[in-house]
Protein chains: 2
Amino acid sequence: MNLEAQLVEWLRANLPGGPLLEVPLGDDAAVLNPGTHSIVVTTDLLTEGVDFLLDQTSPQLVGHKALGVNLSDLAAMAARPTAAFVSLALPRTGGAGFSTLDLAIELYRGMLPLAHKHGVVIAGGDTNTWDGPLVVSITALGETTQRGPLTRTGAEVGDRLLVTGSLGGSILGRHLAVEPRVAEALLLHGQFTLHAGIDISDGLALDAWRLGEASGCGMVLDLDRIPVSVDAHELSQRDGRPAREHALADGEDFELLLAVPADAARQIVEQQPLDVPVTDIGEVIAERGLWQRSATGQKTPLQPQGWQHQAQA
Amino acid sequence: MNLEAQLVEWLRANLPGGPLLEVPLGDDAAVLNPGTHSIVVTTDLLTEGVDFLLDQTSPQLVGHKALGVNLSDLAAMAARPTAAFVSLALPRTGGAGFSTLDLAIELYRGMLPLAHKHGVVIAGGDTNTWDGPLVVSITALGETTQRGPLTRTGAEVGDRLLVTGSLGGSILGRHLAVEPRVAEALLLHGQFTLHAGIDISDGLALDAWRLGEASGCGMVLDLDRIPVSVDAHELSQRDGRPAREHALADGEDFELLLAVPADAARQIVEQQPLDVPVTDIGEVIAERGLWQRSATGQKTPLQPQGWQHQAQA
């Protein structure tokens, strides 16, 4: 039995199915039950050397990250994840001390707990071997809730900018151990009025600017309110850059940035309904562009710098 | 503006939208209208050096092939294609004489006519650059028709085996210029009773064996009836292997192999309702395995050899 057949056998034994799948694994394509809500689809491809270093990272963490970044995109749309499809280009020589087959299995072992946590069925994929480095390409499907999708385009002047968790320094580990804010997005979208949202994948500054551009508004960040992670502080001690700069520009935080009407924003910040903090860090204004406001209230332009190696078309 | 932003701009200007898309390109994920039928999903990842040679192939053909193999999988399920998602890992140095951006655009230029022909909306993707070779990963969505999906598992003893087109020698060019049998599958599935189907991606012998295994039956191929392509004859002249062997084992034909009740099979072969020939090449039997039958009626085991570099999980 060749490698791919062995992997399919492992997958059949280890992937939970579920009522979503009308046709079990192993046919030419997956067949999913039609939902009554709109279908939300996102895809992210991770490459060795750019998104992870296989000699410094366990393949399980790589698998976790590859699924996690996709679920984070679904969270940004306030969609409920349903299924994921996993395409692999595996080095013929294996990697990270594993044979090619075991490398693939380790990747899946990293995905399965995250898939289980978020109710995602791994419903298909394509397994290849080649002479190049490891590539993991995942497409995730979800469905909107009754309130419809949360897009980037609905921010309105006067909205407050809320952010989940804390930012910066994800390179110390959180960029791999992604915790997609799926449940958080669904709870907030279900219980409060949200106008627009994005997940912070390329840095607060750049993604805030994007949210503003998509909505035709400007974004003001109150610098002293930005929740700075302990990782950002640790990184600052190492490299001398202010921790807040890390929080603004590091990227791969995978937190939610939301534009929320002022009343709802106040309720959310007071109630703190999530397991992670929600912080008010600024507001939406009419004047396009990205702005910073100091503790004294002075407003100046802010460069939307950050990671730019990826783009969701 | 960085490369990815430039590509997204090109895509926005050049990708047709359509009523399927509830949210235009550029958000965190695509939002598709819910259909009333089941959702069919397939994914295929193509790598430079295995699936194509960038120094011998135009990137447009690579793009065409990457989408075509996915549509062929949807055809094998008798599903109507709706949307495709394109993830790219692009060499930083570009390739085939193109800059990185132009390489990406050429890939899309190869996909667009095929997408248009089959009514597919390219609804999203992920664009990356790296130091490795070119990787093209596409996930295609479709929907079943009123007759439901055509799977691999429904073949019954006594069914005839029908094949579209002719087989073998695709390496001479057809393996890139894939013509997915989408319309053909929809027409046959709509007008006749089909029991099971698969697209011939890894060679007639191997895929016939797979169809039999999935259905719990055996497959007999009448060797002298197999439609042998002109490419297989040409390849035979070059390498001395019998053309029929090429037709049995070469792979990447992307024709349909169908298990059809005898009455319906007779009608299809008589009526020839497609633009390509449909040929009766054998039958489904109770005894498991793959068998060949000569013109004199002698039945002997046949090795299910063929390409095995890919597996749809």
# chains A, B, ... in the order shown; residues from 1 in each chain; ligands from 1
call {"tool": "select_by_dssp", "arguments": {"residues": "stretch 1-220 of chain A", "states": "strand (DSSP E)", "output": "MDAnalysis selection string"}}
result
chainID A and resid 21:23 30:32 39:47 79:91 121:130 135:144 160:164 196:199 218:220
call {"tool": "select_by_dssp", "arguments": {"residues": "stretch 86-281 of chain B", "states": "helix (DSSP H, G or I)", "output": "ChimeraX atom specification"}}
result
/B:100-117,170-172,182-191,204-215,223-225,230-239,243-249,262-271
call {"tool": "residues_around", "arguments": {"residues": "B:Pro277", "least_positions_apart": "3", "cutoff": "8 Å", "atoms": "only C-alpha atoms", "output": "list of chain:residue names"}}
result
B:Thr164, B:Gly165, B:Ser166, B:Gln272, B:Leu274
call {"tool": "write_last_selection", "arguments": {"atoms": "N, CA, C and O atoms", "output": "compact mmCIF listing (two decimals), in the first residue's frame"}}
result
# COMPACT_ATOMS: atom_id res chain seq x y z
N THR B 164 -16.15 7.65 -21.18
CA THR B 164 -16.22 8.74 -22.16
C THR B 164 -14.87 8.88 -22.85
O THR B 164 -13.83 8.55 -22.29
N GLY B 165 -14.89 9.41 -24.07
CA GLY B 165 -13.64 9.76 -24.76
C GLY B 165 -12.75 8.58 -25.02
O GLY B 165 -13.20 7.43 -25.13
N SER B 166 -11.45 8.84 -25.15
CA SER B 166 -10.47 7.77 -25.38
C SER B 166 -9.30 7.99 -24.43
O SER B 166 -9.09 9.08 -23.91
N GLN B 272 -25.61 7.85 -28.18
CA GLN B 272 -24.41 8.69 -28.17
C GLN B 272 -24.80 10.16 -27.95
O GLN B 272 -24.59 11.02 -28.81
N LEU B 274 -23.55 12.52 -26.20
CA LEU B 274 -22.52 13.50 -25.84
C LEU B 274 -21.73 13.94 -27.07
O LEU B 274 -21.80 13.32 -28.13
call {"tool": "interface_residues", "arguments": {"of": "chain B", "to": "chain A", "cutoff": "6 Å", "atoms": "only C-alpha atoms", "output": "ChimeraX atom specification"}}
result
/B:4,8,26,28-34,37-44,73,124-128,310-313
call {"tool": "atom_distance", "arguments": {"atom1": "atom CA of A:Val220", "atom2": "atom CA of A:Leu290"}}
result
6.1 Å
call {"tool": "closest_residue", "arguments": {"among": "B:Ala265, B:His175, B:Ala66, B:His116", "to": "B:Gln191", "atoms": "only C-alpha atoms"}}
result
B:Ala265
call {"tool": "residues_around", "arguments": {"residues": "B:Leu112", "least_positions_apart": "2", "cutoff": "12 Å", "atoms": "only C-alpha atoms", "output": "ChimeraX atom specification"}}
result
/B:11,14-17,60-61,63-68,83-84,86,105-110,114-123
call {"tool": "write_last_selection", "arguments": {"atoms": "N, CA, C and O atoms", "output": "CSV table (one decimal), in the first residue's frame"}}
result
chain,number,residue,atom,x,y,z
B,11,LEU,N,-7.4,41.0,-9.6
B,11,LEU,CA,-8.5,40.0,-9.4
B,11,LEU,C,-9.8,40.8,-9.4
B,11,LEU,O,-10.8,40.4,-10.0
B,14,ASN,N,-10.7,41.8,-12.8
B,14,ASN,CA,-10.8,40.7,-13.8
B,14,ASN,C,-11.7,39.6,-13.5
B,14,ASN,O,-12.1,38.8,-14.4
B,15,LEU,N,-12.0,39.3,-12.2
B,15,LEU,CA,-12.9,38.2,-11.9
B,15,LEU,C,-14.3,38.6,-12.0
B,15,LEU,O,-14.7,39.5,-11.3
B,16,PRO,N,-15.1,37.9,-12.8
B,16,PRO,CA,-16.5,38.2,-12.8
B,16,PRO,C,-17.1,37.8,-11.4
B,16,PRO,O,-16.7,36.8,-10.9
B,17,GLY,N,-18.1,38.5,-11.0
B,17,GLY,CA,-18.8,38.2,-9.7
B,17,GLY,C,-20.0,37.3,-10.1
B,17,GLY,O,-19.9,36.4,-10.9
B,60,GLN,N,-0.3,29.6,-18.0
B,60,GLN,CA,-1.8,29.6,-18.2
B,60,GLN,C,-2.3,28.1,-18.2
B,60,GLN,O,-3.4,27.8,-17.7
B,61,LEU,N,-1.5,27.2,-18.9
B,61,LEU,CA,-1.9,25.8,-18.9
B,61,LEU,C,-1.9,25.2,-17.5
B,61,LEU,O,-2.7,24.4,-17.1
B,63,GLY,N,-2.5,26.9,-14.7
B,63,GLY,CA,-3.8,27.4,-14.1
B,63,GLY,C,-5.0,26.6,-14.6
B,63,GLY,O,-5.9,26.2,-13.8
B,64,HIS,N,-5.0,26.4,-15.9
B,64,HIS,CA,-6.1,25.6,-16.5
B,64,HIS,C,-6.2,24.2,-15.9
B,64,HIS,O,-7.3,23.8,-15.4
B,65,LYS,N,-5.1,23.6,-15.8
B,65,LYS,CA,-5.0,22.2,-15.2
B,65,LYS,C,-5.5,22.2,-13.8
B,65,LYS,O,-6.3,21.3,-13.4
B,66,ALA,N,-5.0,23.1,-13.0
B,66,ALA,CA,-5.3,23.2,-11.6
B,66,ALA,C,-6.8,23.3,-11.3
B,66,ALA,O,-7.3,22.6,-10.4
B,67,LEU,N,-7.4,24.1,-12.1
B,67,LEU,CA,-8.9,24.2,-12.0
B,67,LEU,C,-9.6,23.0,-12.6
B,67,LEU,O,-10.5,22.4,-12.0
B,68,GLY,N,-9.0,22.5,-13.7
B,68,GLY,CA,-9.7,21.4,-14.5
B,68,GLY,C,-9.7,20.1,-13.7
B,68,GLY,O,-10.8,19.4,-13.7
B,83,ALA,N,-18.3,27.4,-7.3
B,83,ALA,CA,-17.2,28.4,-6.9
B,83,ALA,C,-15.9,27.7,-6.8
B,83,ALA,O,-15.8,26.5,-6.5
B,84,ALA,N,-14.8,28.5,-6.9
B,84,ALA,CA,-13.5,27.9,-6.7
B,84,ALA,C,-12.7,28.9,-5.9
B,84,ALA,O,-12.9,30.1,-6.0
B,86,VAL,N,-8.6,29.7,-4.8
B,86,VAL,CA,-7.3,29.5,-5.3
B,86,VAL,C,-6.2,29.9,-4.4
B,86,VAL,O,-6.1,31.1,-4.1
B,105,ILE,N,-0.8,36.2,-12.3
B,105,ILE,CA,-1.9,36.7,-13.3
B,105,ILE,C,-2.0,35.7,-14.4
B,105,ILE,O,-3.1,35.3,-14.8
B,106,GLU,N,-0.9,35.1,-14.9
B,106,GLU,CA,-1.0,34.1,-16.0
B,106,GLU,C,-1.7,32.9,-15.5
B,106,GLU,O,-2.5,32.3,-16.2
B,107,LEU,N,-1.5,32.5,-14.3
B,107,LEU,CA,-2.2,31.3,-13.7
B,107,LEU,C,-3.7,31.6,-13.7
B,107,LEU,O,-4.5,30.8,-14.2
B,108,TYR,N,-4.1,32.8,-13.3
B,108,TYR,CA,-5.5,33.1,-13.3
B,108,TYR,C,-6.1,33.2,-14.7
B,108,TYR,O,-7.2,32.9,-15.0
B,109,ARG,N,-5.2,33.8,-15.6
B,109,ARG,CA,-5.7,33.9,-17.0
B,109,ARG,C,-6.0,32.5,-17.6
B,109,ARG,O,-6.8,32.3,-18.5
B,110,GLY,N,-5.2,31.5,-17.1
B,110,GLY,CA,-5.5,30.1,-17.6
B,110,GLY,C,-6.8,29.5,-17.0
B,110,GLY,O,-7.5,28.7,-17.6
B,114,LEU,N,-11.9,28.6,-18.4
B,114,LEU,CA,-12.5,27.4,-17.9
B,114,LEU,C,-13.6,27.6,-16.9
B,114,LEU,O,-14.6,27.0,-16.9
B,115,ALA,N,-13.3,28.6,-16.0
B,115,ALA,CA,-14.3,28.9,-15.0
B,115,ALA,C,-15.6,29.5,-15.7
B,115,ALA,O,-16.7,29.1,-15.3
B,116,HIS,N,-15.4,30.3,-16.7
B,116,HIS,CA,-16.5,30.9,-17.4
B,116,HIS,C,-17.3,29.8,-18.1
B,116,HIS,O,-18.5,29.8,-18.0
B,117,LYS,N,-16.6,28.9,-18.7
B,117,LYS,CA,-17.3,27.8,-19.5
B,117,LYS,C,-18.2,27.0,-18.6
B,117,LYS,O,-19.2,26.5,-19.0
B,118,HIS,N,-17.7,26.8,-17.3
B,118,HIS,CA,-18.5,25.9,-16.5
B,118,HIS,C,-19.3,26.6,-15.4
B,118,HIS,O,-19.8,26.0,-14.4
B,119,GLY,N,-19.4,28.0,-15.5
B,119,GLY,CA,-20.2,28.7,-14.6
B,119,GLY,C,-19.7,28.8,-13.2
B,119,GLY,O,-20.4,28.9,-12.2
B,120,VAL,N,-18.3,28.8,-13.1
B,120,VAL,CA,-17.7,28.8,-11.8
B,120,VAL,C,-17.3,30.2,-11.4
B,120,VAL,O,-16.6,30.9,-12.2
B,121,VAL,N,-17.6,30.7,-10.2
B,121,VAL,CA,-17.1,31.9,-9.7
B,121,VAL,C,-15.8,31.7,-8.9
B,121,VAL,O,-15.8,30.9,-8.0
B,122,ILE,N,-14.8,32.4,-9.3
B,122,ILE,CA,-13.6,32.3,-8.5
B,122,ILE,C,-13.8,33.3,-7.3
B,122,ILE,O,-13.8,34.5,-7.5
B,123,ALA,N,-14.0,32.7,-6.1
B,123,ALA,CA,-14.6,33.5,-5.1
B,123,ALA,C,-13.7,33.8,-3.9
B,123,ALA,O,-14.1,34.5,-3.0
call {"tool": "atom_distance", "arguments": {"atom1": "atom CA of B:Trp209", "atom2": "atom CA of B:Asp280"}}
result
16.4 Å
call {"tool": "closest_residue", "arguments": {"among": "B:Glu184, B:Asp159, B:Asp207, B:Asp102", "to": "B:Ala78", "atoms": "only C-alpha atoms"}}
result
B:Glu184
call {"tool": "residues_around", "arguments": {"residues": "B:Leu206", "least_positions_apart": "4", "cutoff": "12 Å", "atoms": "only C-alpha atoms", "output": "MDAnalysis selection string"}}
result
chainID B and resid 198:202 210:213 219 221 247:252 257 289:291 302:308
call {"tool": "write_last_selection", "arguments": {"atoms": "C-alpha atoms", "output": "PDB file, in the first residue's frame"}}
result
ATOM      1  CA  ILE B 198     -15.307   8.035 -10.986  1.00  0.00           C
ATOM      2  CA  ASP B 199     -13.055  10.236 -13.074  1.00  0.00           C
ATOM      3  CA  ILE B 200     -10.033   8.493 -14.542  1.00  0.00           C
ATOM      4  CA  SER B 201      -7.198  10.435 -12.979  1.00  0.00           C
ATOM      5  CA  ASP B 202      -4.779   7.630 -12.147  1.00  0.00           C
ATOM      6  CA  ARG B 210     -11.147   1.586  -6.998  1.00  0.00           C
ATOM      7  CA  LEU B 211     -14.711   1.844  -8.273  1.00  0.00           C
ATOM      8  CA  GLY B 212     -15.119  -1.888  -7.773  1.00  0.00           C
ATOM      9  CA  GLU B 213     -13.621  -1.841  -4.276  1.00  0.00           C
ATOM     10  CA  MET B 219     -14.710  -5.171 -12.553  1.00  0.00           C
ATOM     11  CA  LEU B 221     -12.558  -4.900 -18.696  1.00  0.00           C
ATOM     12  CA  ALA B 247      -4.751   3.368 -22.249  1.00  0.00           C
ATOM     13  CA  LEU B 248      -4.944   1.110 -19.194  1.00  0.00           C
ATOM     14  CA  ALA B 249      -2.317   2.690 -17.003  1.00  0.00           C
ATOM     15  CA  ASP B 250      -1.204   6.155 -18.099  1.00  0.00           C
ATOM     16  CA  GLY B 251      -3.569   8.234 -16.003  1.00  0.00           C
ATOM     17  CA  GLU B 252      -4.623  11.889 -16.151  1.00  0.00           C
ATOM     18  CA  LEU B 257     -15.892   5.744 -15.881  1.00  0.00           C
ATOM     19  CA  GLY B 289     -10.919  -7.552  -8.002  1.00  0.00           C
ATOM     20  CA  LEU B 290      -9.965  -6.318 -11.429  1.00  0.00           C
ATOM     21  CA  TRP B 291     -10.170  -8.647 -14.411  1.00  0.00           C
ATOM     22  CA  LEU B 302      -5.450  -7.607 -14.280  1.00  0.00           C
ATOM     23  CA  GLN B 303      -3.026  -5.577 -12.159  1.00  0.00           C
ATOM     24  CA  PRO B 304      -4.530  -2.263 -11.045  1.00  0.00           C
ATOM     25  CA  GLN B 305      -1.390  -0.352 -11.945  1.00  0.00           C
ATOM     26  CA  GLY B 306      -1.328   3.363 -12.591  1.00  0.00           C
ATOM     27  CA  TRP B 307      -0.351   6.696 -11.088  1.00  0.00           C
ATOM     28  CA  GLN B 308      -0.512   6.694  -7.319  1.00  0.00           C
TER      29      GLN B 308
END
call {"tool": "closest_residue", "arguments": {"among": "B:Pro19, B:Gln237, B:Thr145, B:Ala177", "to": "B:Phe52", "atoms": "only C-alpha atoms"}}
result
B:Ala177
call {"tool": "atom_distance", "arguments": {"atom1": "atom CA of A:Ser99", "atom2": "atom CA of A:Gly173"}}
result
25.1 Å
call {"tool": "closest_residue", "arguments": {"among": "A:Leu90, A:Leu71, A:Ala96, A:Ile281", "to": "A:Met111", "atoms": "only C-alpha atoms"}}
result
A:Leu71
call {"tool": "closest_residue", "arguments": {"among": "B:Ala104, B:Gly169, B:Gln298, B:Gln271", "to": "B:Val62", "atoms": "only C-alpha atoms"}}
result
B:Ala104
call {"tool": "closest_residue", "arguments": {"among": "B:Gly216, B:Glu179, B:Pro91, B:Thr57", "to": "B:Pro113", "atoms": "only C-alpha atoms"}}
result
B:Glu179
call {"tool": "residues_around", "arguments": {"residues": "A:Gly95", "least_positions_apart": "6", "cutoff": "8 Å", "atoms": "only C-alpha atoms", "output": "PyMOL selection string"}}
result
chain A and resi 54-55+103
